[in-house]
>>> print(open('target_21.pdb').read())   # PDB, C-alpha atoms
MODEL        1
ATOM      1  CA  MET A 398     115.844  59.171 117.773
ATOM      2  CA  ARG A 399     118.051  61.014 115.283
ATOM      3  CA  VAL A 400     120.935  61.118 117.806
ATOM      4  CA  THR A 401     120.692  57.346 118.341
ATOM      5  CA  PHE A 402     120.913  56.792 114.565
ATOM      6  CA  TYR A 403     124.054  58.961 114.251
ATOM      7  CA  ILE A 404     125.717  57.270 117.212
ATOM      8  CA  SER A 405     124.901  53.805 115.795
ATOM      9  CA  PHE A 406     126.190  54.881 112.395
ATOM     10  CA  TRP A 407     129.515  56.154 113.784
ATOM     11  CA  ILE A 408     130.012  53.095 115.989
ATOM     12  CA  SER A 409     129.426  50.725 113.063
ATOM     13  CA  LEU A 410     131.747  52.824 110.881
ATOM     14  CA  MET A 411     134.528  52.691 113.480
ATOM     15  CA  LEU A 412     134.088  48.951 114.050
ATOM     16  CA  SER A 413     134.262  48.235 110.324
ATOM     17  CA  SER A 414     137.746  49.787 110.196
ATOM     18  CA  VAL A 415     139.062  47.738 113.144
ATOM     19  CA  SER A 416     141.018  44.626 112.220
ATOM     20  CA  CYS A 417     141.800  41.666 114.437
ATOM     21  CA  GLY A 418     145.155  40.505 113.070
ATOM     22  CA  PRO A 419     147.515  41.570 110.305
ATOM     23  CA  THR A 420     146.026  43.430 107.379
ATOM     24  CA  GLU A 421     147.113  42.995 103.777
ATOM     25  CA  GLY A 422     149.474  45.949 104.050
ATOM     26  CA  GLU A 423     151.290  44.511 107.065
ATOM     27  CA  SER A 424     152.394  41.202 105.544
ATOM     28  CA  ARG A 425     155.653  41.568 103.627
ATOM     29  CA  LEU A 426     156.914  39.382 100.796
ATOM     30  CA  ILE A 427     159.880  37.156 101.697
ATOM     31  CA  GLY A 428     162.324  35.640  99.190
ATOM     32  CA  SER A 429     165.728  34.263 100.172
ATOM     33  CA  ASP A 430     168.706  36.117 101.638
ATOM     34  CA  ASP A 431     171.021  33.253 100.663
ATOM     35  CA  PRO A 432     171.657  32.204  97.053
ATOM     36  CA  ILE A 433     169.999  28.988  95.929
ATOM     37  CA  MET A 434     172.686  26.727  94.432
ATOM     38  CA  VAL A 435     171.916  23.890  92.058
ATOM     39  CA  ALA A 436     173.540  21.714  89.384
ATOM     40  CA  PRO A 437     172.330  21.910  85.771
ATOM     41  CA  GLY A 438     169.701  19.352  84.781
ATOM     42  CA  THR A 439     168.054  19.287  88.214
ATOM     43  CA  ASP A 440     164.876  20.946  89.484
ATOM     44  CA  VAL A 441     164.904  23.834  91.940
ATOM     45  CA  ILE A 442     162.360  25.733  94.023
ATOM     46  CA  LEU A 443     162.791  29.489  94.353
ATOM     47  CA  PRO A 444     161.134  30.448  97.649
ATOM     48  CA  CYS A 445     158.729  33.372  97.877
ATOM     49  CA  ARG A 446     155.940  33.791 100.395
ATOM     50  CA  LEU A 447     154.048  36.302 102.450
ATOM     51  CA  GLU A 448     155.092  36.740 106.051
ATOM     52  CA  PHE A 449     151.510  36.050 107.193
ATOM     53  CA  GLU A 450     149.101  33.657 105.523
ATOM     54  CA  MET A 451     146.832  35.215 102.924
ATOM     55  CA  ASP A 452     144.869  33.683 100.063
ATOM     56  CA  LEU A 453     146.620  34.490  96.757
ATOM     57  CA  VAL A 454     144.461  32.320  94.477
ATOM     58  CA  ASN A 455     142.659  35.287  92.888
ATOM     59  CA  LYS A 456     145.663  37.631  92.827
ATOM     60  CA  THR A 457     148.193  38.525  90.150
ATOM     61  CA  ILE A 458     151.612  36.944  90.737
ATOM     62  CA  GLU A 459     154.644  37.810  88.633
ATOM     63  CA  TRP A 460     158.021  36.098  88.467
ATOM     64  CA  SER A 461     160.700  37.778  86.352
ATOM     65  CA  LYS A 462     164.426  37.471  85.837
ATOM     66  CA  VAL A 463     166.327  40.650  86.665
ATOM     67  CA  ALA A 464     168.652  41.776  83.857
ATOM     68  CA  GLU A 465     172.297  42.105  84.851
ATOM     69  CA  LYS A 466     173.857  45.574  84.792
ATOM     70  CA  THR A 467     176.479  44.371  82.296
ATOM     71  CA  GLU A 468     173.833  43.447  79.722
ATOM     72  CA  PRO A 469     173.142  46.107  77.095
ATOM     73  CA  ALA A 470     169.813  47.861  77.459
ATOM     74  CA  LYS A 471     167.205  45.754  75.723
ATOM     75  CA  GLN A 472     164.057  47.029  74.102
ATOM     76  CA  LYS A 473     161.049  46.479  76.369
ATOM     77  CA  SER A 474     159.396  43.218  75.385
ATOM     78  CA  LEU A 475     155.966  41.896  76.315
ATOM     79  CA  LYS A 476     157.490  38.497  77.038
ATOM     80  CA  THR A 477     159.536  39.380  80.113
ATOM     81  CA  TYR A 478     158.047  37.005  82.653
ATOM     82  CA  VAL A 479     159.453  33.706  83.817
ATOM     83  CA  PHE A 480     155.997  32.921  85.212
ATOM     84  CA  LEU A 481     152.787  34.951  85.168
ATOM     85  CA  TYR A 482     149.645  34.035  87.106
ATOM     86  CA  ARG A 483     146.412  36.051  87.071
ATOM     87  CA  ARG A 484     143.312  35.063  89.015
ATOM     88  CA  GLY A 485     143.837  31.328  88.767
ATOM     89  CA  ILE A 486     145.302  31.164  85.262
ATOM     90  CA  GLN A 487     148.895  30.889  84.034
ATOM     91  CA  ILE A 488     149.367  33.472  81.256
ATOM     92  CA  THR A 489     151.893  31.874  78.875
ATOM     93  CA  ALA A 490     151.415  34.492  76.116
ATOM     94  CA  MET A 491     153.481  36.966  78.151
ATOM     95  CA  MET A 492     156.113  34.502  79.393
ATOM     96  CA  MET A 493     159.612  33.981  78.005
ATOM     97  CA  GLN A 494     159.495  30.947  75.718
ATOM     98  CA  SER A 495     162.310  29.042  77.463
ATOM     99  CA  TYR A 496     160.362  28.978  80.762
ATOM    100  CA  ILE A 497     156.837  28.059  79.590
ATOM    101  CA  GLN A 498     157.189  24.270  79.897
ATOM    102  CA  ARG A 499     159.702  24.357  82.767
ATOM    103  CA  THR A 500     158.054  26.517  85.459
ATOM    104  CA  SER A 501     155.174  25.934  87.831
ATOM    105  CA  MET A 502     153.819  26.999  91.192
ATOM    106  CA  PHE A 503     152.267  24.936  93.970
ATOM    107  CA  TYR A 504     148.625  25.959  93.573
ATOM    108  CA  ASP A 505     147.576  24.306  96.834
ATOM    109  CA  ARG A 506     150.040  26.570  98.701
ATOM    110  CA  LEU A 507     148.669  29.823  97.223
ATOM    111  CA  ARG A 508     145.865  29.828  99.804
ATOM    112  CA  ARG A 509     148.549  30.159 102.503
ATOM    113  CA  GLY A 510     150.489  32.970 100.810
ATOM    114  CA  ASP A 511     153.240  30.761  99.322
ATOM    115  CA  MET A 512     154.057  31.647  95.718
ATOM    116  CA  SER A 513     157.330  29.721  95.392
ATOM    117  CA  LEU A 514     158.378  28.883  91.848
ATOM    118  CA  LYS A 515     159.642  25.528  90.614
ATOM    119  CA  ILE A 516     162.044  25.547  87.664
ATOM    120  CA  MET A 517     162.567  22.128  86.088
ATOM    121  CA  ASN A 518     165.653  20.959  84.220
ATOM    122  CA  VAL A 519     167.759  23.980  85.218
ATOM    123  CA  THR A 520     170.325  25.224  82.678
ATOM    124  CA  PHE A 521     173.291  27.591  82.941
ATOM    125  CA  GLU A 522     171.122  30.260  81.277
ATOM    126  CA  ASP A 523     168.854  30.170  84.352
ATOM    127  CA  ASN A 524     171.689  31.565  86.484
ATOM    128  CA  GLY A 525     170.763  35.004  87.878
ATOM    129  CA  ILE A 526     168.485  37.005  90.129
ATOM    130  CA  TYR A 527     164.747  36.391  90.077
ATOM    131  CA  GLU A 528     162.039  38.651  91.419
ATOM    132  CA  CYS A 529     158.634  37.575  92.660
ATOM    133  CA  SER A 530     156.012  40.268  92.988
ATOM    134  CA  LEU A 531     152.443  41.060  93.887
ATOM    135  CA  PRO A 532     151.923  44.140  91.696
ATOM    136  CA  ARG A 533     148.656  45.327  93.291
ATOM    137  CA  ARG A 534     150.364  45.383  96.694
ATOM    138  CA  GLN A 535     153.525  46.885  95.178
ATOM    139  CA  GLN A 536     155.644  44.251  96.912
ATOM    140  CA  ARG A 537     158.710  42.484  95.557
ATOM    141  CA  ALA A 538     161.254  39.976  96.816
ATOM    142  CA  LYS A 539     164.421  38.671  95.166
ATOM    143  CA  VAL A 540     166.040  35.246  94.977
ATOM    144  CA  GLN A 541     169.471  34.534  93.500
ATOM    145  CA  LEU A 542     169.934  31.284  91.597
ATOM    146  CA  VAL A 543     173.480  29.995  91.102
ATOM    147  CA  VAL A 544     173.849  27.171  88.576
ATOM    148  CA  SER A 545     177.147  25.285  88.649
ATOM    149  CA  GLU A 546     178.442  21.764  88.036
ATOM    150  CA  PHE A 547     179.477  19.514  90.901
ATOM    151  CA  GLN A 548     183.233  19.206  90.419
ATOM    152  CA  PHE A 549     186.019  17.368  92.201
ATOM    153  CA  SER A 550     189.589  18.292  91.391
ATOM    154  CA  SER A 551     192.501  16.344  92.883
ATOM    155  CA  VAL A 552     194.925  19.211  92.175
ATOM    156  CA  GLY A 553     192.966  22.230  93.393
ATOM    157  CA  GLY A 554     190.843  20.474  95.977
ATOM    158  CA  PRO A 555     187.127  19.983  95.844
ATOM    159  CA  SER A 556     185.087  22.573  94.064
ATOM    160  CA  LEU A 557     181.350  22.070  94.267
ATOM    161  CA  TRP A 558     178.051  23.807  94.782
ATOM    162  CA  ILE A 559     175.500  22.349  97.126
ATOM    163  CA  ASN A 560     171.786  22.589  96.561
ATOM    164  CA  GLN A 561     170.990  24.210  99.923
ATOM    165  CA  PHE A 562     167.263  24.543  99.393
ATOM    166  CA  CYS A 563     166.470  20.948  98.464
ATOM    167  CA  GLY A 564     169.196  19.452 100.680
ATOM    168  CA  LEU A 565     170.588  17.050  98.088
ATOM    169  CA  VAL A 566     173.760  16.737 100.122
ATOM    170  CA  ASN A 567     174.733  18.115 103.485
ATOM    171  CA  ASN A 568     178.107  19.344 104.732
ATOM    172  CA  THR A 569     178.907  16.079 106.558
ATOM    173  CA  GLU A 570     178.319  14.051 103.385
ATOM    174  CA  VAL A 571     180.550  16.422 101.414
ATOM    175  CA  LEU A 572     183.382  16.163 103.973
ATOM    176  CA  ASN A 573     183.143  12.359 103.927
ATOM    177  CA  MET A 574     183.276  12.325 100.110
ATOM    178  CA  ILE A 575     186.375  14.556 100.190
ATOM    179  CA  LYS A 576     188.131  12.387 102.795
ATOM    180  CA  GLU A 577     187.473   9.246 100.733
ATOM    181  CA  LYS A 578     189.137  10.813  97.670
TER     182      LYS A 578
ENDMDL
END
>>> encode(input="target_21.pdb", output="structure tokens")
Amino acid sequence: MRVTFYISFWISLMLSSVSCGPTEGESRLIGSDDPIMVAPGTDVILPCRLEFEMDLVNKTIEWSKVAEKTEPAKQKSLKTYVFLYRRGIQITAMMMQSYIQRTSMFYDRLRRGDMSLKIMNVTFEDNGIYECSLPRRQQRAKVQLVVSEFQFSSVGGPSLWINQFCGLVNNTEVLNMIKEK
């Protein structure tokens, strides 16, 4: 009788550690390898998601802007986040003031592991590298945002940035606009 109990105990213990599918540790955070390019005054989505679907609704999600190496060392401030989300609530008290009214996430997508950030009314000051992170999982991903005006110059040729992520214009449209000039 005692042997049967020990065998049952060990079998249930081994089965409880078996997983059918990816575990939390196996799904990596994915940002963007390519820079996201946008004109000032428009809205942009900085992509960040888990490789495999996982519910993030009750997790802590941090979005921060990475300081450039050329900037002088700044004193550590509590308000360093572009966006901060903890267990279903946006924490504005710890966010940088200039981002509080201009950033949001797609809450319906959090259940699928998508924590992409929307920045509205982009300015030149938004230019830089952003980092999304899940601190409890110690995972981070980076996204570079390039903010530039759409410019056409008859002397130096066309000089413009294309919003690749939102697809405002595609390469064929750009070539046609250049040919018409």
>>> atom_distance(input="target_21.pdb", atom1="CA of Ser424 in chain A", atom2="CA of Met491 in chain A")
27.7 Å
>>> resolve_selection(input="target_21.pdb", expression="the PyMOL selection byres ((chain A and resi 441) around 8)", output="PyMOL selection string")
chain A and resi 435+439-440+442-443+515-517+519+562-563
>>> write_last_selection(input="target_21.pdb", atoms="C-alpha atoms", output="JSON list (two decimals), in the coordinates of the input")
[["chain", "number", "residue", "atom", "x", "y", "z"],
["A", 435, "VAL", "CA", 171.92, 23.89, 92.06],
["A", 439, "THR", "CA", 168.05, 19.29, 88.21],
["A", 440, "ASP", "CA", 164.88, 20.95, 89.48],
["A", 442, "ILE", "CA", 162.36, 25.73, 94.02],
["A", 443, "LEU", "CA", 162.79, 29.49, 94.35],
["A", 515, "LYS", "CA", 159.64, 25.53, 90.61],
["A", 516, "ILE", "CA", 162.04, 25.55, 87.66],
["A", 517, "MET", "CA", 162.57, 22.13, 86.09],
["A", 519, "VAL", "CA", 167.76, 23.98, 85.22],
["A", 562, "PHE", "CA", 167.26, 24.54, 99.39],
["A", 563, "CYS", "CA", 166.47, 20.95, 98.46]]
>>> residues_around(input="target_21.pdb", residues="Ala490 in chain A", least_positions_apart="2", cutoff="12 Å", atoms="only C-alpha atoms", output="PyMOL selection string")
chain A and resi 474-482+486-488+492-494+496-497
>>> resolve_selection(input="target_21.pdb", expression="the PyMOL selection byres ((chain A and resi 513) around 10)", output="ChimeraX atom specification")
/A:428,442-446,460,501-504,506-507,510-512,514-516,529
>>> resolve_selection(input="target_21.pdb", expression="the PyMOL selection byres ((chain A and resi 526) around 12)", output="ChimeraX atom specification")
/A:428-434,443,460-466,479,522-525,527-529,538-544
>>> atom_distance(input="target_21.pdb", atom1="CA of Glu546 in chain A", atom2="CA of Ile427 in chain A")
27.7 Å
>>> atom_distance(input="target_21.pdb", atom1="CA of Thr489 in chain A", atom2="CA of Thr457 in chain A")
13.6 Å
>>> axis_aligned_box(input="target_21.pdb", around="range 452-466 of chain A", padding_each_side="5 Å", output="JSON")
{"center_x": 158.3, "center_y": 38.9, "center_z": 92.0, "size_x": 41.2, "size_y": 23.3, "size_z": 26.2}
>>> decode(input="target_21.pdb", residues="range 518-532 of chain A", atoms="all heavy atoms", output="PDB file, in the first residue's frame")
ATOM      1  N   ASN A 518       0.842  61.858 -32.478  1.00  0.00           N
ATOM      2  CA  ASN A 518       1.389  63.183 -32.753  1.00  0.00           C
ATOM      3  C   ASN A 518       2.909  63.216 -32.500  1.00  0.00           C
ATOM      4  O   ASN A 518       3.409  63.976 -31.678  1.00  0.00           O
ATOM      5  CB  ASN A 518       0.673  64.242 -31.912  1.00  0.00           C
ATOM      6  CG  ASN A 518       0.963  65.639 -32.402  1.00  0.00           C
ATOM      7  OD1 ASN A 518       1.354  65.843 -33.554  1.00  0.00           O
ATOM      8  ND2 ASN A 518       0.807  66.612 -31.528  1.00  0.00           N
ATOM      9  N   VAL A 519       3.613  62.392 -33.250  1.00  0.00           N
ATOM     10  CA  VAL A 519       5.066  62.228 -33.098  1.00  0.00           C
ATOM     11  C   VAL A 519       5.779  63.562 -33.328  1.00  0.00           C
ATOM     12  O   VAL A 519       5.412  64.335 -34.206  1.00  0.00           O
ATOM     13  CB  VAL A 519       5.579  61.162 -34.098  1.00  0.00           C
ATOM     14  CG1 VAL A 519       7.086  61.082 -34.106  1.00  0.00           C
ATOM     15  CG2 VAL A 519       4.982  59.807 -33.772  1.00  0.00           C
ATOM     16  N   THR A 520       6.808  63.811 -32.519  1.00  0.00           N
ATOM     17  CA  THR A 520       7.636  65.019 -32.657  1.00  0.00           C
ATOM     18  C   THR A 520       9.092  64.604 -32.907  1.00  0.00           C
ATOM     19  O   THR A 520       9.440  63.438 -32.734  1.00  0.00           O
ATOM     20  CB  THR A 520       7.580  65.881 -31.380  1.00  0.00           C
ATOM     21  OG1 THR A 520       8.223  65.163 -30.319  1.00  0.00           O
ATOM     22  CG2 THR A 520       6.151  66.223 -30.993  1.00  0.00           C
ATOM     23  N   PHE A 521       9.921  65.568 -33.266  1.00  0.00           N
ATOM     24  CA  PHE A 521      11.341  65.279 -33.477  1.00  0.00           C
ATOM     25  C   PHE A 521      12.001  64.772 -32.193  1.00  0.00           C
ATOM     26  O   PHE A 521      12.947  64.001 -32.238  1.00  0.00           O
ATOM     27  CB  PHE A 521      12.083  66.506 -34.013  1.00  0.00           C
ATOM     28  CG  PHE A 521      11.739  66.824 -35.441  1.00  0.00           C
ATOM     29  CD1 PHE A 521      10.999  67.956 -35.750  1.00  0.00           C
ATOM     30  CD2 PHE A 521      12.150  65.988 -36.477  1.00  0.00           C
ATOM     31  CE1 PHE A 521      10.684  68.243 -37.066  1.00  0.00           C
ATOM     32  CE2 PHE A 521      11.827  66.276 -37.796  1.00  0.00           C
ATOM     33  CZ  PHE A 521      11.093  67.404 -38.093  1.00  0.00           C
ATOM     34  N   GLU A 522      11.495  65.200 -31.042  1.00  0.00           N
ATOM     35  CA  GLU A 522      12.050  64.750 -29.760  1.00  0.00           C
ATOM     36  C   GLU A 522      11.806  63.264 -29.518  1.00  0.00           C
ATOM     37  O   GLU A 522      12.474  62.646 -28.694  1.00  0.00           O
ATOM     38  CB  GLU A 522      11.458  65.570 -28.591  1.00  0.00           C
ATOM     39  CG  GLU A 522      11.964  66.996 -28.519  1.00  0.00           C
ATOM     40  CD  GLU A 522      11.314  67.917 -29.558  1.00  0.00           C
ATOM     41  OE1 GLU A 522      10.141  67.690 -29.921  1.00  0.00           O
ATOM     42  OE2 GLU A 522      12.001  68.852 -30.017  1.00  0.00           O
ATOM     43  N   ASP A 523      10.853  62.677 -30.239  1.00  0.00           N
ATOM     44  CA  ASP A 523      10.569  61.242 -30.095  1.00  0.00           C
ATOM     45  C   ASP A 523      11.596  60.374 -30.810  1.00  0.00           C
ATOM     46  O   ASP A 523      11.634  59.158 -30.605  1.00  0.00           O
ATOM     47  CB  ASP A 523       9.170  60.916 -30.634  1.00  0.00           C
ATOM     48  CG  ASP A 523       8.074  61.596 -29.837  1.00  0.00           C
ATOM     49  OD1 ASP A 523       8.246  61.768 -28.618  1.00  0.00           O
ATOM     50  OD2 ASP A 523       7.034  61.947 -30.438  1.00  0.00           O
ATOM     51  N   ASN A 524      12.404  60.972 -31.660  1.00  0.00           N
ATOM     52  CA  ASN A 524      13.442  60.247 -32.392  1.00  0.00           C
ATOM     53  C   ASN A 524      14.344  59.492 -31.416  1.00  0.00           C
ATOM     54  O   ASN A 524      14.758  60.036 -30.400  1.00  0.00           O
ATOM     55  CB  ASN A 524      14.269  61.273 -33.181  1.00  0.00           C
ATOM     56  CG  ASN A 524      15.005  60.656 -34.339  1.00  0.00           C
ATOM     57  OD1 ASN A 524      14.452  59.837 -35.044  1.00  0.00           O
ATOM     58  ND2 ASN A 524      16.241  61.058 -34.513  1.00  0.00           N
ATOM     59  N   GLY A 525      14.633  58.213 -31.677  1.00  0.00           N
ATOM     60  CA  GLY A 525      15.544  57.475 -30.803  1.00  0.00           C
ATOM     61  C   GLY A 525      15.226  55.994 -30.726  1.00  0.00           C
ATOM     62  O   GLY A 525      14.430  55.460 -31.501  1.00  0.00           O
ATOM     63  N   ILE A 526      15.853  55.342 -29.774  1.00  0.00           N
ATOM     64  CA  ILE A 526      15.680  53.905 -29.579  1.00  0.00           C
ATOM     65  C   ILE A 526      14.801  53.680 -28.359  1.00  0.00           C
ATOM     66  O   ILE A 526      15.033  54.251 -27.293  1.00  0.00           O
ATOM     67  CB  ILE A 526      17.041  53.201 -29.401  1.00  0.00           C
ATOM     68  CG1 ILE A 526      17.866  53.369 -30.678  1.00  0.00           C
ATOM     69  CG2 ILE A 526      16.848  51.719 -29.074  1.00  0.00           C
ATOM     70  CD1 ILE A 526      19.286  52.867 -30.564  1.00  0.00           C
ATOM     71  N   TYR A 527      13.791  52.845 -28.537  1.00  0.00           N
ATOM     72  CA  TYR A 527      12.856  52.511 -27.474  1.00  0.00           C
ATOM     73  C   TYR A 527      13.045  51.045 -27.085  1.00  0.00           C
ATOM     74  O   TYR A 527      13.420  50.217 -27.920  1.00  0.00           O
ATOM     75  CB  TYR A 527      11.410  52.749 -27.932  1.00  0.00           C
ATOM     76  CG  TYR A 527      11.106  54.212 -28.124  1.00  0.00           C
ATOM     77  CD1 TYR A 527      11.506  54.893 -29.276  1.00  0.00           C
ATOM     78  CD2 TYR A 527      10.440  54.932 -27.140  1.00  0.00           C
ATOM     79  CE1 TYR A 527      11.249  56.236 -29.443  1.00  0.00           C
ATOM     80  CE2 TYR A 527      10.172  56.286 -27.299  1.00  0.00           C
ATOM     81  CZ  TYR A 527      10.584  56.926 -28.454  1.00  0.00           C
ATOM     82  OH  TYR A 527      10.329  58.269 -28.601  1.00  0.00           O
ATOM     83  N   GLU A 528      12.764  50.768 -25.826  1.00  0.00           N
ATOM     84  CA  GLU A 528      12.921  49.408 -25.325  1.00  0.00           C
ATOM     85  C   GLU A 528      11.631  48.977 -24.642  1.00  0.00           C
ATOM     86  O   GLU A 528      11.124  49.672 -23.757  1.00  0.00           O
ATOM     87  CB  GLU A 528      14.078  49.365 -24.326  1.00  0.00           C
ATOM     88  CG  GLU A 528      14.391  47.984 -23.809  1.00  0.00           C
ATOM     89  CD  GLU A 528      15.611  48.000 -22.918  1.00  0.00           C
ATOM     90  OE1 GLU A 528      15.456  48.411 -21.739  1.00  0.00           O
ATOM     91  OE2 GLU A 528      16.697  47.634 -23.391  1.00  0.00           O
ATOM     92  N   CYS A 529      11.099  47.846 -25.086  1.00  0.00           N
ATOM     93  CA  CYS A 529       9.950  47.258 -24.406  1.00  0.00           C
ATOM     94  C   CYS A 529      10.482  46.121 -23.545  1.00  0.00           C
ATOM     95  O   CYS A 529      11.439  45.447 -23.926  1.00  0.00           O
ATOM     96  CB  CYS A 529       8.913  46.751 -25.399  1.00  0.00           C
ATOM     97  SG  CYS A 529       9.499  45.503 -26.559  1.00  0.00           S
ATOM     98  N   SER A 530       9.886  45.936 -22.381  1.00  0.00           N
ATOM     99  CA  SER A 530      10.402  44.878 -21.515  1.00  0.00           C
ATOM    100  C   SER A 530       9.315  44.268 -20.642  1.00  0.00           C
ATOM    101  O   SER A 530       8.323  44.914 -20.305  1.00  0.00           O
ATOM    102  CB  SER A 530      11.548  45.394 -20.642  1.00  0.00           C
ATOM    103  OG  SER A 530      11.078  46.312 -19.701  1.00  0.00           O
ATOM    104  N   LEU A 531       9.564  43.015 -20.316  1.00  0.00           N
ATOM    105  CA  LEU A 531       8.782  42.277 -19.326  1.00  0.00           C
ATOM    106  C   LEU A 531       9.760  41.998 -18.194  1.00  0.00           C
ATOM    107  O   LEU A 531      10.521  41.036 -18.243  1.00  0.00           O
ATOM    108  CB  LEU A 531       8.248  40.974 -19.921  1.00  0.00           C
ATOM    109  CG  LEU A 531       7.221  41.122 -21.040  1.00  0.00           C
ATOM    110  CD1 LEU A 531       6.958  39.792 -21.723  1.00  0.00           C
ATOM    111  CD2 LEU A 531       5.922  41.700 -20.474  1.00  0.00           C
ATOM    112  N   PRO A 532       9.796  42.860 -17.170  1.00  0.00           N
ATOM    113  CA  PRO A 532      10.845  42.768 -16.154  1.00  0.00           C
ATOM    114  C   PRO A 532      10.874  41.448 -15.387  1.00  0.00           C
ATOM    115  O   PRO A 532      11.949  40.940 -15.082  1.00  0.00           O
ATOM    116  CB  PRO A 532      10.566  43.941 -15.227  1.00  0.00           C
ATOM    117  CG  PRO A 532       9.231  44.454 -15.592  1.00  0.00           C
ATOM    118  CD  PRO A 532       8.907  43.981 -16.956  1.00  0.00           C
TER     119      PRO A 532
END
